[in-house]
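Student: To start, I am sharing the structure in question, which I have written as structure tokens.
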Amino acid sequence: MTINGTEVSSDVEPRTLLVHFIREQASLKGTNIGCDSSSCGACTIHLNGESVKSCTVLAAQADGQEVTTIEGLADGETLHPMQEAFRECHALQCGYCTPGMVMAAISLLDEVPNPTELEVREGLEGNLCRCTGYHNIVKAVLQASGSQS
Amino acid sequence: MIPAIFDYQRAESKDHAISLISEHGDDAKVLAGGHSLIPLMKYRLAAPAVVIDVGRVEELSYVREEGDFLAIGALTRHREIETNELVLTNSGLLAAATKQVGDPQVRHRGTIGGALAHGDPASDIPSAALALRASFIVQSSSGEREITSDDFFTGFLETALEPDELLTEIRVPKMPDATWSFQKFNRRAQDWAIVGASVLVSENQCGVGLVNMDSRPVRATALEQATINGASAEEASELASEGLEPPSDLNASAEYRSHLARVLTKRGLEESGK
């Protein structure tokens with residue numbers, strides 16, 4: 001499969017989960033494993049451009065497909081606008097949910113470019129944060145969308 | 001959590017999928033979006049010897065108008081259904097119920113056929129299929145047959161699908177003029193429904209499918225008949241759990257589920273103009 005534009009190839013057992021392939025075979029540790037049961041969203045990545053929970057996808061299902069992880073967003077030293085908005089709005093505390101939250105937020109804006117606050121909150125319902133109370137995360141997504149004056 | 005060891009087979013076409021299923025039969029499970037099957041395999045509640053991945057069989061992903069019904073390919077993903085113009089126009093209830101499944105990431109992967117073939121009484125989509133009187137096309141190497149939604153769900157996680165059959169298409173009667181409501185009661189965003197209700201009302205018809213009110217997805221037939229006979233929403237909703245055996249678990253007792261079914265169907269009927 002292609003991960004962040006780079007071809008990654010490895011023979012793995014059919015039962016290997018995509019999140020393990022990303023972390024172990026591709027050595028990209030930015031994608032976190034949280035609940036490991038498709039609830040918390042910490043492992044959210046993009047599969048062919050759409051947000052998915054990589055703990056609930058087999059690596060074999062992503063064979064030959066395009067995967068993007070949190071490491072694939074920045075252009076050198078220049079952060080992706082969503083990463084920049086998270087930094088500016090202080091949209092994280094411990095940071096564990098952040099990679100998944102950023103990936104889910106980018107996918108949300110791809111589908112709803114100018115969301116309302118409610119649409120942001122509903123659009124991120126698959127991602128849990130146990131620190132921030134979500135306020136600054138929602139603020140960051142609105143800022144990145146340009147919906148906030 | 002990692003699934004038990006299995007052999008992975010990828011179907012390249014519908015016919016290839018049917019021949020793989022025919023070859024492996026009871027030893028195999030069909031993998032579509034994987035958002036019901038993979039969690040079960042991770043918890044080791046399912047341990048199929050063979051997993052047949054139909055996820056790339058693009059010919060099973062479509063929404064088409066065919067006369068008086070919509071034909072929906074079994075592999076159509078939830079995200080497509082909740083945003084599809086034909087579905088929104090002709091079957092708003094199905095779009096609304098689909099939009100309540102899981103969360104956006106889950107709906108990017110999960111498929112209508114997968115959700116139905118899983119036969120889970122806690123799932124939202126079977127309730128809409130029952131209310132809409134949808135039917136299912138299933139195919140095997142010996143041909144194809146149509147199963148009504150009433151005959152499809154036979155028990156807890158059990159359906160009328162034979163081991164060598166693949167669910168290929170869902171047929172949903174077009175009802176652009178029907179009024180409808182989808183009601184779901186849960187404690188937190190993204191949770192499964194404790195109880196849910198799909199309510200559909202048209203000129204001479206009433207369809208009510210319930211979530212988590214029996215060991216399989218069911219209709220509230222007594223309530224439907226009362227509504228057709230002219231009962232008010234309040235009167236009809238009193239019959240919501242008649243003849244049903246809702247489960248008792250950590251989330252709710254059977255009595256509380258019956259109470260919720262009355263409240264949710266009353267709201268649903270009222271929202272549908274009854």
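Residues in the structure tokens are numbered from 1 in each chain, the chains being A, B, ... in the order shown, and ligands are numbered from 1 in the order shown.
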Would you please extract all strand (DSSP E) residues from range 48-143 of chain A, as assigned by DSSP on the backbone, and give them as a list in words?
Tutor: Glu50, Ser51, Val52, Lys53, Glu66, Val67 and Thr68 of chain A
Student: Within 7 Å of Ser145 in chain A, counting only C-alpha atoms, which residues qualify if same-chain residues fewer than 6 places away don't, as a VMD selection string?
Tutor: chain A and resid 109 113 to 114
Student: Tell me which protein, DNA and RNA residues are within 6 Å of range 62-66 of chain A, counting only C-alpha atoms, leaving out same-chain ones fewer than 6 positions away, and put them as a count of residues only.
Tutor: 4
Student: Would you pick out the contacts of range 255-258 of chain B at 9 Å or less, using only C-alpha atoms, so that residues sharing its chain but fewer than 6 positions from it are not included, and give the list as a short mmCIF file (atom, residue, chain, number, x, y, z; two decimals) with C-alpha atoms, in the first residue's frame?
Tutor:
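Heads up, here's the output in part.cif:
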```cif
data_model
loop_
_atom_site.label_atom_id
_atom_site.label_comp_id
_atom_site.auth_asym_id
_atom_site.auth_seq_id
_atom_site.Cartn_x
_atom_site.Cartn_y
_atom_site.Cartn_z
CA ILE B 194 -31.07 1.24 23.96
CA VAL B 195 -34.31 1.34 22.00
CA ASN B 212 -33.48 -3.77 20.52
CA MET B 213 -37.03 -4.80 21.39
CA ALA B 240 -45.67 -0.76 20.92
CA SER B 241 -44.26 -3.80 22.73
CA GLU B 242 -47.26 -6.13 22.36
CA LEU B 244 -42.44 -8.73 21.92
CA PRO B 246 -37.28 -7.14 24.87
CA PRO B 247 -33.97 -8.12 26.46
CA SER B 248 -32.81 -7.08 29.93
#
```
Student: May I ask for the distance between CA of Lys99 in chain B and CA of Glu82 in chain B, given in Å to one decimal place?
Tutor: 5.7 Å
